[in-house]
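Here is the file query_17.tsv (TSV, N, CA and C atoms).
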chain	number	residue	atom	x	y	z
L	22	MET	N	48.28	-47.92	1.05
L	22	MET	CA	48.07	-46.79	0.15
L	22	MET	C	48.15	-47.19	-1.32
L	23	GLN	N	48.04	-48.46	-1.61
L	23	GLN	CA	48.10	-48.92	-2.99
L	23	GLN	C	46.99	-48.32	-3.84
L	24	THR	N	45.81	-48.12	-3.25
L	24	THR	CA	44.69	-47.56	-4.00
L	24	THR	C	45.05	-46.18	-4.52
L	25	LYS	N	45.65	-45.36	-3.70
L	25	LYS	CA	46.04	-44.01	-4.10
L	25	LYS	C	47.01	-44.07	-5.29
L	26	LYS	N	47.99	-44.97	-5.21
L	26	LYS	CA	48.95	-45.10	-6.30
L	26	LYS	C	48.27	-45.56	-7.59
L	27	ASP	N	47.34	-46.49	-7.45
L	27	ASP	CA	46.59	-46.96	-8.63
L	27	ASP	C	45.78	-45.83	-9.25
L	28	GLU	N	45.19	-44.99	-8.41
L	28	GLU	CA	44.41	-43.86	-8.90
L	28	GLU	C	45.29	-42.86	-9.64
L	29	ILE	N	46.47	-42.62	-9.11
L	29	ILE	CA	47.40	-41.68	-9.76
L	29	ILE	C	47.83	-42.23	-11.12
L	30	GLU	N	48.18	-43.51	-11.16
L	30	GLU	CA	48.59	-44.12	-12.43
L	30	GLU	C	47.44	-44.07	-13.44
L	31	LYS	N	46.24	-44.36	-12.99
L	31	LYS	CA	45.08	-44.32	-13.88
L	31	LYS	C	44.86	-42.91	-14.43
L	32	LYS	N	44.99	-41.90	-13.58
L	32	LYS	CA	44.82	-40.51	-14.01
L	32	LYS	C	45.88	-40.13	-15.05
L	33	ILE	N	47.11	-40.55	-14.82
L	33	ILE	CA	48.19	-40.27	-15.78
L	33	ILE	C	47.87	-40.92	-17.12
L	34	LEU	N	47.46	-42.18	-17.08
L	34	LEU	CA	47.15	-42.90	-18.32
L	34	LEU	C	45.98	-42.26	-19.07
L	35	GLU	N	44.94	-41.89	-18.36
L	35	GLU	CA	43.79	-41.24	-19.01
L	35	GLU	C	44.18	-39.90	-19.62
L	36	THR	N	44.96	-39.14	-18.89
L	36	THR	CA	45.40	-37.83	-19.37
L	36	THR	C	46.30	-37.98	-20.60
L	37	ALA	N	47.22	-38.92	-20.53
L	37	ALA	CA	48.15	-39.14	-21.65
L	37	ALA	C	47.39	-39.62	-22.89
L	38	LYS	N	46.46	-40.53	-22.70
L	38	LYS	CA	45.68	-41.04	-23.84
L	38	LYS	C	44.95	-39.90	-24.54
L	39	ALA	N	44.31	-39.05	-23.77
L	39	ALA	CA	43.60	-37.90	-24.35
L	39	ALA	C	44.56	-36.98	-25.08
L	40	ALA	N	45.72	-36.74	-24.49
L	40	ALA	CA	46.71	-35.86	-25.13
L	40	ALA	C	47.24	-36.47	-26.41
L	41	PHE	N	47.55	-37.76	-26.40
L	41	PHE	CA	48.06	-38.42	-27.61
L	41	PHE	C	47.02	-38.38	-28.73
L	42	LEU	N	45.76	-38.58	-28.39
L	42	LEU	CA	44.70	-38.56	-29.39
L	42	LEU	C	44.50	-37.15	-29.95
L	43	GLU	N	44.59	-36.16	-29.09
L	43	GLU	CA	44.34	-34.78	-29.52
L	43	GLU	C	45.53	-34.14	-30.22
L	44	GLU	N	46.73	-34.37	-29.67
L	44	GLU	CA	47.92	-33.66	-30.17
L	44	GLU	C	48.88	-34.53	-30.96
L	45	GLY	N	48.71	-35.85	-30.86
L	45	GLY	CA	49.66	-36.76	-31.49
L	45	GLY	C	50.83	-37.04	-30.58
L	46	PHE	N	51.52	-38.13	-30.84
L	46	PHE	CA	52.63	-38.54	-29.99
L	46	PHE	C	53.74	-37.49	-29.98
L	47	LYS	N	54.12	-37.04	-31.15
L	47	LYS	CA	55.25	-36.11	-31.26
L	47	LYS	C	55.00	-34.80	-30.52
L	48	ASN	N	53.80	-34.30	-30.56
L	48	ASN	CA	53.50	-32.99	-29.97
L	48	ASN	C	53.07	-33.05	-28.51
L	49	THR	N	53.00	-34.24	-27.96
L	49	THR	CA	52.64	-34.40	-26.55
L	49	THR	C	53.91	-34.46	-25.71
L	50	SER	N	53.94	-33.69	-24.65
L	50	SER	CA	55.12	-33.70	-23.78
L	50	SER	C	54.78	-34.27	-22.41
L	51	ILE	N	55.79	-34.85	-21.80
L	51	ILE	CA	55.65	-35.35	-20.43
L	51	ILE	C	55.26	-34.21	-19.50
L	52	ARG	N	55.82	-33.06	-19.71
L	52	ARG	CA	55.52	-31.89	-18.88
L	52	ARG	C	54.02	-31.55	-18.93
L	53	ASN	N	53.45	-31.58	-20.13
L	53	ASN	CA	52.02	-31.27	-20.27
L	53	ASN	C	51.14	-32.37	-19.67
L	54	ILE	N	51.53	-33.62	-19.86
L	54	ILE	CA	50.77	-34.72	-19.27
L	54	ILE	C	50.77	-34.58	-17.75
L	55	ALA	N	51.93	-34.35	-17.17
L	55	ALA	CA	52.03	-34.21	-15.72
L	55	ALA	C	51.17	-33.05	-15.22
L	56	ALA	N	51.23	-31.92	-15.90
L	56	ALA	CA	50.45	-30.76	-15.48
L	56	ALA	C	48.95	-31.04	-15.55
L	57	GLU	N	48.50	-31.66	-16.63
L	57	GLU	CA	47.08	-31.97	-16.78
L	57	GLU	C	46.60	-33.03	-15.78
L	58	ALA	N	47.49	-33.94	-15.40
L	58	ALA	CA	47.14	-35.00	-14.45
L	58	ALA	C	47.31	-34.54	-13.00
L	59	ASN	N	47.78	-33.31	-12.83
L	59	ASN	CA	48.02	-32.74	-11.49
L	59	ASN	C	49.03	-33.56	-10.67
L	60	VAL	N	50.09	-33.97	-11.34
L	60	VAL	CA	51.20	-34.63	-10.66
L	60	VAL	C	52.49	-33.94	-11.09
L	61	SER	N	53.52	-34.06	-10.28
L	61	SER	CA	54.79	-33.48	-10.69
L	61	SER	C	55.42	-34.36	-11.77
L	62	LYS	N	56.28	-33.75	-12.54
L	62	LYS	CA	56.96	-34.50	-13.59
L	62	LYS	C	57.79	-35.63	-12.98
L	63	SER	N	58.45	-35.37	-11.86
L	63	SER	CA	59.26	-36.41	-11.22
L	63	SER	C	58.38	-37.54	-10.69
L	64	ASN	N	57.18	-37.23	-10.22
L	64	ASN	CA	56.27	-38.28	-9.77
L	64	ASN	C	55.79	-39.13	-10.94
L	65	LEU	N	55.54	-38.51	-12.08
L	65	LEU	CA	55.15	-39.25	-13.27
L	65	LEU	C	56.23	-40.28	-13.63
L	66	TYR	N	57.48	-39.89	-13.46
L	66	TYR	CA	58.58	-40.80	-13.77
L	66	TYR	C	58.70	-41.94	-12.76
L	67	ASN	N	58.02	-41.84	-11.63
L	67	ASN	CA	57.96	-42.98	-10.70
L	67	ASN	C	57.08	-44.09	-11.26
L	68	TYR	N	56.19	-43.74	-12.16
L	68	TYR	CA	55.26	-44.70	-12.76
L	68	TYR	C	55.69	-45.17	-14.14
L	69	PHE	N	56.32	-44.29	-14.90
L	69	PHE	CA	56.69	-44.58	-16.29
L	69	PHE	C	58.10	-44.07	-16.56
L	70	GLN	N	58.89	-44.87	-17.28
L	70	GLN	CA	60.29	-44.51	-17.55
L	70	GLN	C	60.41	-43.30	-18.46
L	71	ASN	N	59.52	-43.22	-19.45
L	71	ASN	CA	59.58	-42.14	-20.42
L	71	ASN	C	58.27	-42.10	-21.21
L	72	LYS	N	58.20	-41.22	-22.18
L	72	LYS	CA	56.98	-41.08	-22.98
L	72	LYS	C	56.69	-42.35	-23.78
L	73	ASP	N	57.71	-43.02	-24.28
L	73	ASP	CA	57.53	-44.26	-25.02
L	73	ASP	C	56.90	-45.34	-24.14
L	74	ASP	N	57.38	-45.45	-22.92
L	74	ASP	CA	56.84	-46.43	-21.97
L	74	ASP	C	55.37	-46.15	-21.68
L	75	LEU	N	55.05	-44.90	-21.50
L	75	LEU	CA	53.66	-44.49	-21.24
L	75	LEU	C	52.78	-44.81	-22.44
L	76	PHE	N	53.24	-44.51	-23.62
L	76	PHE	CA	52.50	-44.78	-24.86
L	76	PHE	C	52.25	-46.28	-25.03
L	77	CYS	N	53.28	-47.08	-24.78
L	77	CYS	CA	53.14	-48.54	-24.91
L	77	CYS	C	52.14	-49.09	-23.90
L	78	LYS	N	52.14	-48.55	-22.70
L	78	LYS	CA	51.18	-49.00	-21.67
L	78	LYS	C	49.75	-48.72	-22.11
L	79	ILE	N	49.55	-47.60	-22.79
L	79	ILE	CA	48.21	-47.24	-23.29
L	79	ILE	C	47.80	-48.18	-24.42
L	80	LEU	N	48.75	-48.52	-25.28
L	80	LEU	CA	48.44	-49.36	-26.45
L	80	LEU	C	48.37	-50.85	-26.14
L	81	LYS	N	48.93	-51.29	-25.02
L	81	LYS	CA	49.02	-52.71	-24.71
L	81	LYS	C	47.68	-53.45	-24.81
L	82	PRO	N	46.60	-52.94	-24.26
L	82	PRO	CA	45.31	-53.66	-24.39
L	82	PRO	C	44.85	-53.80	-25.85
L	83	THR	N	45.09	-52.79	-26.65
L	83	THR	CA	44.69	-52.83	-28.04
L	83	THR	C	45.53	-53.83	-28.82
L	84	ILE	N	46.82	-53.83	-28.58
L	84	ILE	CA	47.72	-54.75	-29.27
L	84	ILE	C	47.37	-56.19	-28.88
L	85	GLY	N	46.99	-56.40	-27.64
L	85	GLY	CA	46.63	-57.73	-27.17
L	85	GLY	C	45.43	-58.31	-27.91
L	86	THR	N	44.51	-57.46	-28.33
L	86	THR	CA	43.34	-57.95	-29.05
L	86	THR	C	43.64	-58.31	-30.50
L	87	ILE	N	44.71	-57.78	-31.03
L	87	ILE	CA	45.10	-58.05	-32.42
L	87	ILE	C	45.74	-59.43	-32.54
L	88	ASN	N	46.52	-59.80	-31.53
L	88	ASN	CA	47.23	-61.09	-31.57
L	88	ASN	C	46.29	-62.19	-31.44
Mind converting the file's structure to structure tokens?
Amino acid sequence: MQTKKDEIEKKILETAKAAFLEEGFKNTSIRNIAAEANVSKSNLYNYFQNKDDLFCKILKPTIGTIN
């Protein structure tokens, strides 16, 4: 079932990225990301420790190109 987990993580990341771009980091909540991604808040925490961890995961590819 790894594919299913990968799909859920991808959906969370896509949803969070859109929310961060639209609302900014400060105004984006884990609760809203979870709701938009159609996952429970507790399930989201199975993939990411907190909002900072999620944000860093989104930025990692971009930061890698700068170095």
**OP:** Could you check how far CA of Lys38 in chain L sits from CA of Asn53 in chain L, in Å to one decimal?
**Re:**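 Those two atoms sit 12.2 Å apart.
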Subject >> Between CA of Leu80 in chain L and CA of Leu42 in chain L, distance in Å (one decimal) >> reply: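 Distance reported for this atom pair: 11.8 Å.
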Subject >> Pick from L:Glu44, L:Lys25, L:Ala55, L:Ile33 nearest to Leu75 in chain L, counting all atoms listed in the file >> reply: L:Ile33
**OP:** If you run DSSP over the backbone, which residues in chain L end up helix (DSSP H, G or I)? Put them as an MDAnalysis selection string.
**Re:** chainID L and resid 23:44 51:58 62:68 72:87
Convert the current residue selection to file output with N, CA and C atoms, as a short mmCIF file (atom, residue, chain, number, x, y, z; two decimals), keeping the file's coordinate frame.
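again_9.cif, freshly written:
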data_model
loop_
_atom_site.label_atom_id
_atom_site.label_comp_id
_atom_site.auth_asym_id
_atom_site.auth_seq_id
_atom_site.Cartn_x
_atom_site.Cartn_y
_atom_site.Cartn_z
N GLN L 23 48.04 -48.46 -1.61
CA GLN L 23 48.10 -48.92 -2.99
C GLN L 23 46.99 -48.32 -3.84
N THR L 24 45.81 -48.12 -3.25
CA THR L 24 44.69 -47.56 -4.00
C THR L 24 45.05 -46.18 -4.52
N LYS L 25 45.65 -45.36 -3.70
CA LYS L 25 46.04 -44.01 -4.10
C LYS L 25 47.01 -44.07 -5.29
N LYS L 26 47.99 -44.97 -5.21
CA LYS L 26 48.95 -45.10 -6.30
C LYS L 26 48.27 -45.56 -7.59
N ASP L 27 47.34 -46.49 -7.45
CA ASP L 27 46.59 -46.96 -8.63
C ASP L 27 45.78 -45.83 -9.25
N GLU L 28 45.19 -44.99 -8.41
CA GLU L 28 44.41 -43.86 -8.90
C GLU L 28 45.29 -42.86 -9.64
N ILE L 29 46.47 -42.62 -9.11
CA ILE L 29 47.40 -41.68 -9.76
C ILE L 29 47.83 -42.23 -11.12
N GLU L 30 48.18 -43.51 -11.16
CA GLU L 30 48.59 -44.12 -12.43
C GLU L 30 47.44 -44.07 -13.44
N LYS L 31 46.24 -44.36 -12.99
CA LYS L 31 45.08 -44.32 -13.88
C LYS L 31 44.86 -42.91 -14.43
N LYS L 32 44.99 -41.90 -13.58
CA LYS L 32 44.82 -40.51 -14.01
C LYS L 32 45.88 -40.13 -15.05
N ILE L 33 47.11 -40.55 -14.82
CA ILE L 33 48.19 -40.27 -15.78
C ILE L 33 47.87 -40.92 -17.12
N LEU L 34 47.46 -42.18 -17.08
CA LEU L 34 47.15 -42.90 -18.32
C LEU L 34 45.98 -42.26 -19.07
N GLU L 35 44.94 -41.89 -18.36
CA GLU L 35 43.79 -41.24 -19.01
C GLU L 35 44.18 -39.90 -19.62
N THR L 36 44.96 -39.14 -18.89
CA THR L 36 45.40 -37.83 -19.37
C THR L 36 46.30 -37.98 -20.60
N ALA L 37 47.22 -38.92 -20.53
CA ALA L 37 48.15 -39.14 -21.65
C ALA L 37 47.39 -39.62 -22.89
N LYS L 38 46.46 -40.53 -22.70
CA LYS L 38 45.68 -41.04 -23.84
C LYS L 38 44.95 -39.90 -24.54
N ALA L 39 44.31 -39.05 -23.77
CA ALA L 39 43.60 -37.90 -24.35
C ALA L 39 44.56 -36.98 -25.08
N ALA L 40 45.72 -36.74 -24.49
CA ALA L 40 46.71 -35.86 -25.13
C ALA L 40 47.24 -36.47 -26.41
N PHE L 41 47.55 -37.76 -26.40
CA PHE L 41 48.06 -38.42 -27.61
C PHE L 41 47.02 -38.38 -28.73
N LEU L 42 45.76 -38.58 -28.39
CA LEU L 42 44.70 -38.56 -29.39
C LEU L 42 44.50 -37.15 -29.95
N GLU L 43 44.59 -36.16 -29.09
CA GLU L 43 44.34 -34.78 -29.52
C GLU L 43 45.53 -34.14 -30.22
N GLU L 44 46.73 -34.37 -29.67
CA GLU L 44 47.92 -33.66 -30.17
C GLU L 44 48.88 -34.53 -30.96
N ILE L 51 55.79 -34.85 -21.80
CA ILE L 51 55.65 -35.35 -20.43
C ILE L 51 55.26 -34.21 -19.50
N ARG L 52 55.82 -33.06 -19.71
CA ARG L 52 55.52 -31.89 -18.88
C ARG L 52 54.02 -31.55 -18.93
N ASN L 53 53.45 -31.58 -20.13
CA ASN L 53 52.02 -31.27 -20.27
C ASN L 53 51.14 -32.37 -19.67
N ILE L 54 51.53 -33.62 -19.86
CA ILE L 54 50.77 -34.72 -19.27
C ILE L 54 50.77 -34.58 -17.75
N ALA L 55 51.93 -34.35 -17.17
CA ALA L 55 52.03 -34.21 -15.72
C ALA L 55 51.17 -33.05 -15.22
N ALA L 56 51.23 -31.92 -15.90
CA ALA L 56 50.45 -30.76 -15.48
C ALA L 56 48.95 -31.04 -15.55
N GLU L 57 48.50 -31.66 -16.63
CA GLU L 57 47.08 -31.97 -16.78
C GLU L 57 46.60 -33.03 -15.78
N ALA L 58 47.49 -33.94 -15.40
CA ALA L 58 47.14 -35.00 -14.45
C ALA L 58 47.31 -34.54 -13.00
N LYS L 62 56.28 -33.75 -12.54
CA LYS L 62 56.96 -34.50 -13.59
C LYS L 62 57.79 -35.63 -12.98
N SER L 63 58.45 -35.37 -11.86
CA SER L 63 59.26 -36.41 -11.22
C SER L 63 58.38 -37.54 -10.69
N ASN L 64 57.18 -37.23 -10.22
CA ASN L 64 56.27 -38.28 -9.77
C ASN L 64 55.79 -39.13 -10.94
N LEU L 65 55.54 -38.51 -12.08
CA LEU L 65 55.15 -39.25 -13.27
C LEU L 65 56.23 -40.28 -13.63
N TYR L 66 57.48 -39.89 -13.46
CA TYR L 66 58.58 -40.80 -13.77
C TYR L 66 58.70 -41.94 -12.76
N ASN L 67 58.02 -41.84 -11.63
CA ASN L 67 57.96 -42.98 -10.70
C ASN L 67 57.08 -44.09 -11.26
N TYR L 68 56.19 -43.74 -12.16
CA TYR L 68 55.26 -44.70 -12.76
C TYR L 68 55.69 -45.17 -14.14
N LYS L 72 58.20 -41.22 -22.18
CA LYS L 72 56.98 -41.08 -22.98
C LYS L 72 56.69 -42.35 -23.78
N ASP L 73 57.71 -43.02 -24.28
CA ASP L 73 57.53 -44.26 -25.02
C ASP L 73 56.90 -45.34 -24.14
N ASP L 74 57.38 -45.45 -22.92
CA ASP L 74 56.84 -46.43 -21.97
C ASP L 74 55.37 -46.15 -21.68
N LEU L 75 55.05 -44.90 -21.50
CA LEU L 75 53.66 -44.49 -21.24
C LEU L 75 52.78 -44.81 -22.44
N PHE L 76 53.24 -44.51 -23.62
CA PHE L 76 52.50 -44.78 -24.86
C PHE L 76 52.25 -46.28 -25.03
N CYS L 77 53.28 -47.08 -24.78
CA CYS L 77 53.14 -48.54 -24.91
C CYS L 77 52.14 -49.09 -23.90
N LYS L 78 52.14 -48.55 -22.70
CA LYS L 78 51.18 -49.00 -21.67
C LYS L 78 49.75 -48.72 -22.11
N ILE L 79 49.55 -47.60 -22.79
CA ILE L 79 48.21 -47.24 -23.29
C ILE L 79 47.80 -48.18 -24.42
N LEU L 80 48.75 -48.52 -25.28
CA LEU L 80 48.44 -49.36 -26.45
C LEU L 80 48.37 -50.85 -26.14
N LYS L 81 48.93 -51.29 -25.02
CA LYS L 81 49.02 -52.71 -24.71
C LYS L 81 47.68 -53.45 -24.81
N PRO L 82 46.60 -52.94 -24.26
CA PRO L 82 45.31 -53.66 -24.39
C PRO L 82 44.85 -53.80 -25.85
N THR L 83 45.09 -52.79 -26.65
CA THR L 83 44.69 -52.83 -28.04
C THR L 83 45.53 -53.83 -28.82
N ILE L 84 46.82 -53.83 -28.58
CA ILE L 84 47.72 -54.75 -29.27
C ILE L 84 47.37 -56.19 -28.88
N GLY L 85 46.99 -56.40 -27.64
CA GLY L 85 46.63 -57.73 -27.17
C GLY L 85 45.43 -58.31 -27.91
N THR L 86 44.51 -57.46 -28.33
CA THR L 86 43.34 -57.95 -29.05
C THR L 86 43.64 -58.31 -30.50
N ILE L 87 44.71 -57.78 -31.03
CA ILE L 87 45.10 -58.05 -32.42
C ILE L 87 45.74 -59.43 -32.54
#
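For the pair CA of Glu30 in chain L and CA of Lys47 in chain L, the interatomic distance is 21.5 Å.
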Subject >> Residues within 12 Å of range 49-52 of chain L, only C-alpha atoms, excluding chain neighbours under 2 positions, as a VMD selection string >> reply: chain L and resid 33 to 34 36 to 47 54 to 66 69 to 76
Listed atoms of range 73-80 of chain L, axis-aligned box, 8 Å per side: centre and edge lengths to one decimal in Å, as JSON?
{"center_x": 52.8, "center_y": -46.9, "center_z": -23.8, "size_x": 25.9, "size_y": 23.8, "size_z": 21.2}
With N, CA, C and O atoms as the goal, would you fill in the gaps in range 64-86 of chain L and present it as a PDB file, keeping the file's coordinate frame?
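Everything below was put into rebuild_37.pdb:
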ATOM      1  N   ASN L  64      57.180 -37.230 -10.220  1.00  0.00           N
ATOM      2  CA  ASN L  64      56.270 -38.280  -9.770  1.00  0.00           C
ATOM      3  C   ASN L  64      55.790 -39.130 -10.940  1.00  0.00           C
ATOM      4  O   ASN L  64      55.673 -40.348 -10.824  1.00  0.00           O
ATOM      5  N   LEU L  65      55.540 -38.510 -12.080  1.00  0.00           N
ATOM      6  CA  LEU L  65      55.150 -39.250 -13.270  1.00  0.00           C
ATOM      7  C   LEU L  65      56.230 -40.280 -13.630  1.00  0.00           C
ATOM      8  O   LEU L  65      55.915 -41.412 -13.970  1.00  0.00           O
ATOM      9  N   TYR L  66      57.480 -39.890 -13.460  1.00  0.00           N
ATOM     10  CA  TYR L  66      58.580 -40.800 -13.770  1.00  0.00           C
ATOM     11  C   TYR L  66      58.700 -41.940 -12.760  1.00  0.00           C
ATOM     12  O   TYR L  66      59.381 -42.924 -13.021  1.00  0.00           O
ATOM     13  N   ASN L  67      58.020 -41.840 -11.630  1.00  0.00           N
ATOM     14  CA  ASN L  67      57.960 -42.980 -10.700  1.00  0.00           C
ATOM     15  C   ASN L  67      57.080 -44.090 -11.260  1.00  0.00           C
ATOM     16  O   ASN L  67      57.225 -45.250 -10.876  1.00  0.00           O
ATOM     17  N   TYR L  68      56.190 -43.740 -12.160  1.00  0.00           N
ATOM     18  CA  TYR L  68      55.260 -44.700 -12.760  1.00  0.00           C
ATOM     19  C   TYR L  68      55.690 -45.170 -14.140  1.00  0.00           C
ATOM     20  O   TYR L  68      55.430 -46.300 -14.529  1.00  0.00           O
ATOM     21  N   PHE L  69      56.320 -44.290 -14.900  1.00  0.00           N
ATOM     22  CA  PHE L  69      56.690 -44.580 -16.290  1.00  0.00           C
ATOM     23  C   PHE L  69      58.100 -44.070 -16.560  1.00  0.00           C
ATOM     24  O   PHE L  69      58.458 -42.976 -16.150  1.00  0.00           O
ATOM     25  N   GLN L  70      58.890 -44.870 -17.280  1.00  0.00           N
ATOM     26  CA  GLN L  70      60.290 -44.510 -17.550  1.00  0.00           C
ATOM     27  C   GLN L  70      60.410 -43.300 -18.460  1.00  0.00           C
ATOM     28  O   GLN L  70      61.289 -42.459 -18.283  1.00  0.00           O
ATOM     29  N   ASN L  71      59.520 -43.220 -19.450  1.00  0.00           N
ATOM     30  CA  ASN L  71      59.580 -42.140 -20.420  1.00  0.00           C
ATOM     31  C   ASN L  71      58.270 -42.100 -21.210  1.00  0.00           C
ATOM     32  O   ASN L  71      57.356 -42.881 -20.948  1.00  0.00           O
ATOM     33  N   LYS L  72      58.200 -41.220 -22.180  1.00  0.00           N
ATOM     34  CA  LYS L  72      56.980 -41.080 -22.980  1.00  0.00           C
ATOM     35  C   LYS L  72      56.690 -42.350 -23.780  1.00  0.00           C
ATOM     36  O   LYS L  72      55.537 -42.752 -23.909  1.00  0.00           O
ATOM     37  N   ASP L  73      57.710 -43.020 -24.280  1.00  0.00           N
ATOM     38  CA  ASP L  73      57.530 -44.260 -25.020  1.00  0.00           C
ATOM     39  C   ASP L  73      56.900 -45.340 -24.140  1.00  0.00           C
ATOM     40  O   ASP L  73      55.992 -46.063 -24.572  1.00  0.00           O
ATOM     41  N   ASP L  74      57.380 -45.450 -22.920  1.00  0.00           N
ATOM     42  CA  ASP L  74      56.840 -46.430 -21.970  1.00  0.00           C
ATOM     43  C   ASP L  74      55.370 -46.150 -21.680  1.00  0.00           C
ATOM     44  O   ASP L  74      54.540 -47.065 -21.667  1.00  0.00           O
ATOM     45  N   LEU L  75      55.050 -44.900 -21.500  1.00  0.00           N
ATOM     46  CA  LEU L  75      53.660 -44.490 -21.240  1.00  0.00           C
ATOM     47  C   LEU L  75      52.780 -44.810 -22.440  1.00  0.00           C
ATOM     48  O   LEU L  75      51.689 -45.386 -22.296  1.00  0.00           O
ATOM     49  N   PHE L  76      53.240 -44.510 -23.620  1.00  0.00           N
ATOM     50  CA  PHE L  76      52.500 -44.780 -24.860  1.00  0.00           C
ATOM     51  C   PHE L  76      52.250 -46.280 -25.030  1.00  0.00           C
ATOM     52  O   PHE L  76      51.140 -46.713 -25.355  1.00  0.00           O
ATOM     53  N   CYS L  77      53.280 -47.080 -24.780  1.00  0.00           N
ATOM     54  CA  CYS L  77      53.140 -48.540 -24.910  1.00  0.00           C
ATOM     55  C   CYS L  77      52.140 -49.090 -23.900  1.00  0.00           C
ATOM     56  O   CYS L  77      51.375 -50.007 -24.227  1.00  0.00           O
ATOM     57  N   LYS L  78      52.140 -48.550 -22.700  1.00  0.00           N
ATOM     58  CA  LYS L  78      51.180 -49.000 -21.670  1.00  0.00           C
ATOM     59  C   LYS L  78      49.750 -48.720 -22.110  1.00  0.00           C
ATOM     60  O   LYS L  78      48.852 -49.517 -21.881  1.00  0.00           O
ATOM     61  N   ILE L  79      49.550 -47.600 -22.790  1.00  0.00           N
ATOM     62  CA  ILE L  79      48.210 -47.240 -23.290  1.00  0.00           C
ATOM     63  C   ILE L  79      47.800 -48.180 -24.420  1.00  0.00           C
ATOM     64  O   ILE L  79      46.662 -48.617 -24.509  1.00  0.00           O
ATOM     65  N   LEU L  80      48.750 -48.520 -25.280  1.00  0.00           N
ATOM     66  CA  LEU L  80      48.440 -49.360 -26.450  1.00  0.00           C
ATOM     67  C   LEU L  80      48.370 -50.850 -26.140  1.00  0.00           C
ATOM     68  O   LEU L  80      47.792 -51.613 -26.916  1.00  0.00           O
ATOM     69  N   LYS L  81      48.930 -51.290 -25.020  1.00  0.00           N
ATOM     70  CA  LYS L  81      49.020 -52.710 -24.710  1.00  0.00           C
ATOM     71  C   LYS L  81      47.680 -53.450 -24.810  1.00  0.00           C
ATOM     72  O   LYS L  81      47.621 -54.510 -25.438  1.00  0.00           O
ATOM     73  N   PRO L  82      46.600 -52.940 -24.260  1.00  0.00           N
ATOM     74  CA  PRO L  82      45.310 -53.660 -24.390  1.00  0.00           C
ATOM     75  C   PRO L  82      44.850 -53.800 -25.850  1.00  0.00           C
ATOM     76  O   PRO L  82      44.312 -54.836 -26.240  1.00  0.00           O
ATOM     77  N   THR L  83      45.090 -52.790 -26.650  1.00  0.00           N
ATOM     78  CA  THR L  83      44.690 -52.830 -28.040  1.00  0.00           C
ATOM     79  C   THR L  83      45.530 -53.830 -28.820  1.00  0.00           C
ATOM     80  O   THR L  83      45.012 -54.617 -29.611  1.00  0.00           O
ATOM     81  N   ILE L  84      46.820 -53.830 -28.580  1.00  0.00           N
ATOM     82  CA  ILE L  84      47.720 -54.750 -29.270  1.00  0.00           C
ATOM     83  C   ILE L  84      47.370 -56.190 -28.880  1.00  0.00           C
ATOM     84  O   ILE L  84      47.416 -57.089 -29.723  1.00  0.00           O
ATOM     85  N   GLY L  85      46.990 -56.400 -27.640  1.00  0.00           N
ATOM     86  CA  GLY L  85      46.630 -57.730 -27.170  1.00  0.00           C
ATOM     87  C   GLY L  85      45.430 -58.310 -27.910  1.00  0.00           C
ATOM     88  O   GLY L  85      45.342 -59.519 -28.113  1.00  0.00           O
ATOM     89  N   THR L  86      44.510 -57.460 -28.330  1.00  0.00           N
ATOM     90  CA  THR L  86      43.340 -57.950 -29.050  1.00  0.00           C
ATOM     91  C   THR L  86      43.640 -58.310 -30.500  1.00  0.00           C
ATOM     92  O   THR L  86      42.911 -59.075 -31.113  1.00  0.00           O
TER      93      THR L  86
END
